[in-house]
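**Q** Dropping a structure here in structure tokens format, bear with me for questions.
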Amino acid sequence: ARLGRLPCSIRFSGRTHEACPANQLKTEPLPASELSWRDVPKTPEQLEEKFRRDLRVLEEETQAHPNTRWWFYLGETRKNLGDHAGAVIAYDRCAALRGWNEESAWACYQAAVCLGELGLWCEAIDRCATGLTRHAAVGELAWLAGFACYQLGRYHDALAWSAMASASGMYIGVGRALPRIGFSNPAARFELPHQLQAYCWDKLGRPDLAHAARLKESYALSTRLGGLEPEPIAG
């Protein structure tokens, strides 16, 4: 949630999923004690109506103004409506246009999620690899590629991908030093790479290494939830 001080020199734009160039304004975080709010949840029927409306608008926008934002949110809308194959097409188009690198990488991530829902794990790995060429700091892509390898029984590959995710993560990696401002899967930036390693070591018959990975998973989760300070970056 954001508050804007009026009068303001910038405006929101877009018929749905509207945005404003907030980077043009001075911003200041407010302590939670100074501001509280509560969203009114939509009923399933209201959500369905919203998604159907967004689908109509975004299909028009991608034809009239085919920029990356509208393709990305067309993918999101199709995904929310359960059309995973259609969502992949929209996400792929967003990534192919090579706009904002973070959005492009996240389009690849969401395409991989949808391909996983369709059981197309090899194709999901391909999207993850493509996404890392768009923004190498999006370690969630490496975690998801590892998860896809795990689903295919490729446990050593899964370990390698999860190590990449951990290296760019927020627990014992360099994630806090890498600039990102938008899309994120916090669990995949903290504990999920270590959880995946534990699963893989179990499958490979190494309970000792699985136990060590579970300890890291536990500490990473506690760090994410605010119970521990992150470990310093080595070197």
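Letters A, B, ... mark the chains of the structure tokens in the order given; residue numbers begin at 1 per chain; ligand numbers begin at 1, in order shown.
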What lies within 12 Å of range 36-44 of chain A using only C-alpha atoms, ignoring chain neighbours under 5 positions off, as number ranges by chain?
**A** A: 1-3, 30-31, 49-51, 80-81
**Q** Extract, using only C-alpha atoms, all DNA, RNA and protein residues at most 12 Å from Trp70 in chain A, discarding same-chain residues fewer than 3 positions from it, and format them as a ChimeraX atom specification.
**A** /A:13-19,54-67,73-77,90-91,93-95,97,99,103,107
**Q** Quick one: write out the picked residues with N, CA, C and O atoms as a CSV table (one decimal), in the first residue's frame?
**A**
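The resulting again22.csv:
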```
chain,number,residue,atom,x,y,z
A,13,SER,N,-1.3,5.4,-14.9
A,13,SER,CA,-1.7,5.2,-16.3
A,13,SER,C,-2.0,3.7,-16.5
A,13,SER,O,-1.4,2.8,-15.8
A,14,GLY,N,-3.0,3.4,-17.4
A,14,GLY,CA,-3.4,2.0,-17.7
A,14,GLY,C,-4.8,1.8,-17.3
A,14,GLY,O,-5.3,2.3,-16.3
A,15,ARG,N,-5.5,1.0,-18.1
A,15,ARG,CA,-6.9,0.7,-17.9
A,15,ARG,C,-7.1,-0.4,-16.8
A,15,ARG,O,-8.1,-0.5,-16.2
A,16,THR,N,-6.1,-1.1,-16.6
A,16,THR,CA,-6.1,-2.1,-15.5
A,16,THR,C,-4.6,-2.4,-15.1
A,16,THR,O,-3.7,-2.1,-15.9
A,17,HIS,N,-4.3,-2.9,-13.9
A,17,HIS,CA,-3.0,-3.0,-13.4
A,17,HIS,C,-2.2,-1.7,-13.7
A,17,HIS,O,-1.1,-1.7,-14.2
A,18,GLU,N,-2.9,-0.6,-13.4
A,18,GLU,CA,-2.3,0.7,-13.6
A,18,GLU,C,-1.0,0.9,-12.8
A,18,GLU,O,-0.8,0.3,-11.8
A,19,ALA,N,-0.2,1.8,-13.3
A,19,ALA,CA,1.1,2.0,-12.6
A,19,ALA,C,1.5,3.5,-12.7
A,19,ALA,O,0.9,4.2,-13.5
A,54,ASP,N,-10.4,-8.1,-16.8
A,54,ASP,CA,-9.0,-7.8,-17.1
A,54,ASP,C,-8.6,-8.5,-18.4
A,54,ASP,O,-7.8,-8.0,-19.2
A,55,LEU,N,-9.1,-9.7,-18.6
A,55,LEU,CA,-8.8,-10.5,-19.8
A,55,LEU,C,-9.2,-9.7,-21.1
A,55,LEU,O,-8.5,-9.6,-22.0
A,56,ARG,N,-10.4,-9.2,-21.1
A,56,ARG,CA,-10.9,-8.4,-22.2
A,56,ARG,C,-10.1,-7.2,-22.4
A,56,ARG,O,-9.7,-6.9,-23.6
A,57,VAL,N,-9.8,-6.5,-21.3
A,57,VAL,CA,-9.0,-5.2,-21.5
A,57,VAL,C,-7.6,-5.5,-22.0
A,57,VAL,O,-7.1,-4.8,-22.9
A,58,LEU,N,-7.0,-6.5,-21.4
A,58,LEU,CA,-5.6,-6.8,-21.7
A,58,LEU,C,-5.4,-7.4,-23.1
A,58,LEU,O,-4.4,-7.1,-23.8
A,59,GLU,N,-6.4,-8.1,-23.6
A,59,GLU,CA,-6.3,-8.6,-25.0
A,59,GLU,C,-6.4,-7.4,-25.9
A,59,GLU,O,-5.7,-7.4,-27.0
A,60,GLU,N,-7.2,-6.4,-25.6
A,60,GLU,CA,-7.3,-5.2,-26.4
A,60,GLU,C,-6.0,-4.4,-26.3
A,60,GLU,O,-5.4,-3.9,-27.4
A,61,GLU,N,-5.4,-4.3,-25.1
A,61,GLU,CA,-4.2,-3.5,-24.9
A,61,GLU,C,-3.0,-4.1,-25.6
A,61,GLU,O,-2.1,-3.4,-26.2
A,62,THR,N,-2.9,-5.4,-25.6
A,62,THR,CA,-1.7,-6.1,-26.3
A,62,THR,C,-1.8,-5.9,-27.8
A,62,THR,O,-0.8,-6.1,-28.5
A,63,GLN,N,-3.0,-5.7,-28.3
A,63,GLN,CA,-3.1,-5.5,-29.7
A,63,GLN,C,-2.8,-4.0,-30.1
A,63,GLN,O,-2.2,-3.7,-31.0
A,64,ALA,N,-3.4,-3.1,-29.3
A,64,ALA,CA,-3.2,-1.7,-29.5
A,64,ALA,C,-1.9,-1.1,-29.1
A,64,ALA,O,-1.3,-0.3,-29.7
A,65,HIS,N,-1.4,-1.5,-27.9
A,65,HIS,CA,-0.2,-1.0,-27.3
A,65,HIS,C,0.6,-2.2,-26.8
A,65,HIS,O,0.7,-2.5,-25.6
A,66,PRO,N,1.3,-3.0,-27.7
A,66,PRO,CA,1.9,-4.3,-27.3
A,66,PRO,C,3.2,-4.1,-26.5
A,66,PRO,O,4.3,-4.5,-27.0
A,67,ASN,N,3.1,-3.4,-25.3
A,67,ASN,CA,4.4,-3.3,-24.5
A,67,ASN,C,4.4,-4.5,-23.6
A,67,ASN,O,3.5,-5.3,-23.4
A,73,TYR,N,0.8,-8.9,-17.7
A,73,TYR,CA,-0.4,-9.1,-17.0
A,73,TYR,C,-1.5,-9.9,-17.7
A,73,TYR,O,-2.4,-10.4,-17.1
A,74,LEU,N,-1.4,-10.0,-19.0
A,74,LEU,CA,-2.3,-10.9,-19.7
A,74,LEU,C,-1.9,-12.3,-19.3
A,74,LEU,O,-2.8,-13.2,-19.1
A,75,GLY,N,-0.6,-12.6,-19.2
A,75,GLY,CA,-0.2,-13.9,-18.7
A,75,GLY,C,-0.7,-14.2,-17.3
A,75,GLY,O,-1.2,-15.2,-16.9
A,76,GLU,N,-0.6,-13.1,-16.4
A,76,GLU,CA,-1.1,-13.3,-15.0
A,76,GLU,C,-2.6,-13.6,-15.0
A,76,GLU,O,-3.1,-14.4,-14.2
A,77,THR,N,-3.3,-12.9,-15.8
A,77,THR,CA,-4.8,-13.1,-15.9
A,77,THR,C,-5.2,-14.4,-16.4
A,77,THR,O,-6.0,-15.1,-15.8
A,90,ALA,N,1.6,-15.7,-23.4
A,90,ALA,CA,1.7,-14.3,-23.0
A,90,ALA,C,3.0,-14.0,-22.3
A,90,ALA,O,3.7,-13.0,-22.6
A,91,TYR,N,3.4,-14.8,-21.4
A,91,TYR,CA,4.7,-14.6,-20.6
A,91,TYR,C,5.9,-14.7,-21.6
A,91,TYR,O,6.8,-13.9,-21.5
A,93,ARG,N,5.9,-13.9,-24.7
A,93,ARG,CA,5.9,-12.7,-25.5
A,93,ARG,C,6.5,-11.6,-24.7
A,93,ARG,O,7.3,-10.8,-25.2
A,94,CYS,N,6.1,-11.5,-23.5
A,94,CYS,CA,6.7,-10.4,-22.6
A,94,CYS,C,8.2,-10.5,-22.5
A,94,CYS,O,8.9,-9.6,-22.7
A,95,ALA,N,8.7,-11.7,-22.3
A,95,ALA,CA,10.2,-11.9,-22.2
A,95,ALA,C,10.9,-11.7,-23.5
A,95,ALA,O,12.0,-11.1,-23.5
A,97,LEU,N,10.2,-9.5,-25.7
A,97,LEU,CA,10.3,-8.1,-26.0
A,97,LEU,C,11.4,-7.4,-25.3
A,97,LEU,O,11.7,-6.3,-25.6
A,99,GLY,N,12.0,-6.0,-22.2
A,99,GLY,CA,11.8,-4.7,-21.6
A,99,GLY,C,12.6,-4.6,-20.3
A,99,GLY,O,13.8,-4.9,-20.3
A,103,GLU,N,11.1,-7.6,-14.8
A,103,GLU,CA,9.8,-8.1,-15.3
A,103,GLU,C,10.0,-9.2,-16.3
A,103,GLU,O,9.3,-10.2,-16.3
A,107,ALA,N,8.6,-12.9,-15.9
A,107,ALA,CA,7.7,-13.6,-16.9
A,107,ALA,C,8.2,-15.0,-17.2
A,107,ALA,O,7.4,-15.9,-17.3
```
**Q** Which value, in Å to one decimal, gives the distance between CA of Ser162 in chain A and CA of Leu225 in chain A?
**A** 20.8 Å
**Q** Pull the alpha helix (DSSP H) assignments for range 148-181 of chain A out of DSSP run on the backbone, and list those residues as a list in words.
**A** Ala148, Cys149, Tyr150, Gln151, Tyr155, His156, Asp157, Ala158, Leu159, Ala160, Trp161, Ser162, Ala163, Met164, Ala165, Ser166 and Ala167 of chain A
**Q** Pick from A:Gly153, A:Gly146, A:Gly169, A:Gly119: nearest to Ser184 in chain A, with only C-alpha atoms counted?
**A**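 Among A:Gly153, A:Gly146, A:Gly169, A:Gly119, it is A:Gly169 that comes nearest to Ser184 in chain A.
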**Q** Please provide the set of residues having any atom within 8 Å of Ala142 in chain A, restricted to only C-alpha atoms, with same-chain residues fewer than 2 positions apart removed, written as number ranges by chain.
**A** A: 128-129, 132, 138-140, 144-146, 161-162, 164-165
**Q** Report as JSON, numbers by chain all protein, DNA and RNA residues lying within 9 Å of His84 in chain A, evaluated on only C-alpha atoms, omitting residues in the same chain fewer than 6 positions from it.
**A** {"A": [75, 78, 111, 113, 114, 115, 117, 118]}
**Q** So which residues touch Leu192 in chain A within 10 Å, counting only C-alpha atoms, skipping near sequence neighbours fewer than 5 positions away, as a list in words?
**A**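 Neighbouring residues, sequence-local ones excluded: Glu140, Trp143, Leu144, Phe147, Ser162, Ala165, Ser166, Gly169, Asn185, Pro186, Ala187, Gln197, Ala198, Lys216, Glu217, Ser218, Ala220 and Leu221 of chain A.
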**Q** So the first atom is CA of Leu152 in chain A and the second is CA of Ile125 in chain A; what is the distance between them in Å, to one decimal place?
**A**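 So the two atoms, CA of Leu152 in chain A and CA of Ile125 in chain A, lie 10.6 Å apart.
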**Q** Please determine, counting only C-alpha atoms, which residue among A:Thr27, A:Ala137, A:Ala210, A:Gly86 has the shortest atom-to-atom distance to Arg176 in chain A.
**A** A:Ala137
